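One structure is given here, and the rest of the page talks about it.
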Amino acid sequence: MLVKNAENRGQLEFVSLENMVPQDHLLRKIDAAIDFKKIYEFVEDLYCEDNGRPSVDPVVLFKIVLIQHIYGIPSLRRTLEEVSMNLTYRWFIGYPLNEAVPHFSTVSYNFKHRFNHGTVEYVFRWVLKAAAEEGYLDTEAIFVDGTHIKASANLKKQAKKAVPKQAKRYAKELFAEVNRDREEHGKKPFSDDSDKNPPQEKQTKETVVSTTDPESGVFHKGEHKKCFAYEAHTACDKHNFVLGVYVTPGNVHDSVAFDPLYDEVCRNYPEHKTVVADSAYKTPWICKRIFGSGHVLSTCYTRPKTKENGHPWWMYVYDEYFDDVICPEYRALHYSTTNREGYREYKSRAYLCKSCPTRGICTESSRCEKTVMRHIWQDYVEMAEHVRYMPVYKELYRLRKEKIERVFADAKERHDMRYTQYRGLAQVTNWVKLKFAAMNLKKLATWKWNGRHPAPDGGKRSRLHENAPDISLLFPPVFLFSNRTPALA
């Protein structure tokens, strides 16, 4: 039987928002998981006590932005439209049906001018602290990687600009160790002629910048379309809680941005034991920093970039005892010098190479001389290679695609992090941190509502690490070997 519904659009009814929201709704779980009144404590200094017009409740402002990031709504204007029409959103911010929600410009102004980076950082750490108190964090293994976010900039609107070169953070430490190594080999140390060089701000390089958003960078990798982008260098724990993020232009390499991100991780979670990262982070400095501080770097195999149709890299063997390199024809390449970049140069004898039967696939030097370079921190890189074969760390690296890669996939597919409408490094950083804070809060609320603990002891211990070998017993201290001096075992 056909039934036509009567149109009762003008009917007046008495309704309760409390009864209209399902008991198992996500926003109910979030509201019960954390005390939003804490927000008043760290925004109190941003408001005047006895002057000015009444403000919009700061808790309401934060909840509106949380709604935007939790449900992946593209813009703040669209978010306010959804909040105005959605009963659940109104219940979450505490606004009845007959009360007008704040104008989007009010929310936008507050997050651009009033709620600065410190406030956003406080919110981010506040959610993580709540998760730690519930026992949901497992920080023994930290997973590190970066993901690109398309900037709000047209690739056609670009210009070439001279920008200052950034000095390497470890430049002073490397310079000191290079001179120490040269002295041990009987070489004259390099002079510190930084006073003779032009100031760092005058040492520039030419690069392509956007005229729309100059703080973004050009990103082009593999099959990805060339564009201006930012990169969010991120660290998460074994339970996919984001522990730290450092945002840079899209043309900054992962290894360059590692130090500020790892500083944040060490400052907040010094108890971590392992850093899990891909091959982009397997550089001499990163390996030295991680292993030198008593932690372990779990990474993957790196394909060597050697000459095509030449001898494989592994046929040149480093002799630790004599501090020489043995070539495929069992000839010794002796130490020559240590350059400013931190590489020891081992060179062959020209009179021996002239009559070598494989010289054509070994070197094309007109002087019949083969040079092999080895970094002074190469021992730490070899430690990472040894760790790669251990079952415990091999399993940790296998989990990487389920941890940090899953975080990026969720952020882009469910929380609209593929493209940012904000411009400028400061605004994009706040936007990314709020998004990750919303993701952490969503996970915390769901687990707490379901009474879930990731491990019987509250997740404070990782079962993978219980049988992990003591790395200090497996590897001896790393020494800078003197020429023809036996290595200490």
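As shown in the structure tokens, the chain order sets the letters A, B, ...; within each chain, residues go from 1, and ligands are also counted from 1 in the order they appear.
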
Quick one: residues within 10 Å of Lys307 of chain A, only C-alpha atoms, excluding same-chain residues fewer than 4 positions away - as a ChimeraX atom specification?
/A:311-313,361-363

Contact residues around Leu26 of chain A with only C-alpha atoms at 10 Å, ignoring same-chain residues under 2 positions, as a ChimeraX atom specification
/A:22-24,28-32,70,88,442,445-446,449

Could you pull out the residues in segment 98-321 of chain A that DSSP calls alpha helix (DSSP H) from the backbone, as a ChimeraX atom specification?
/A:104-109,117-133,171-184,258-268,284-292
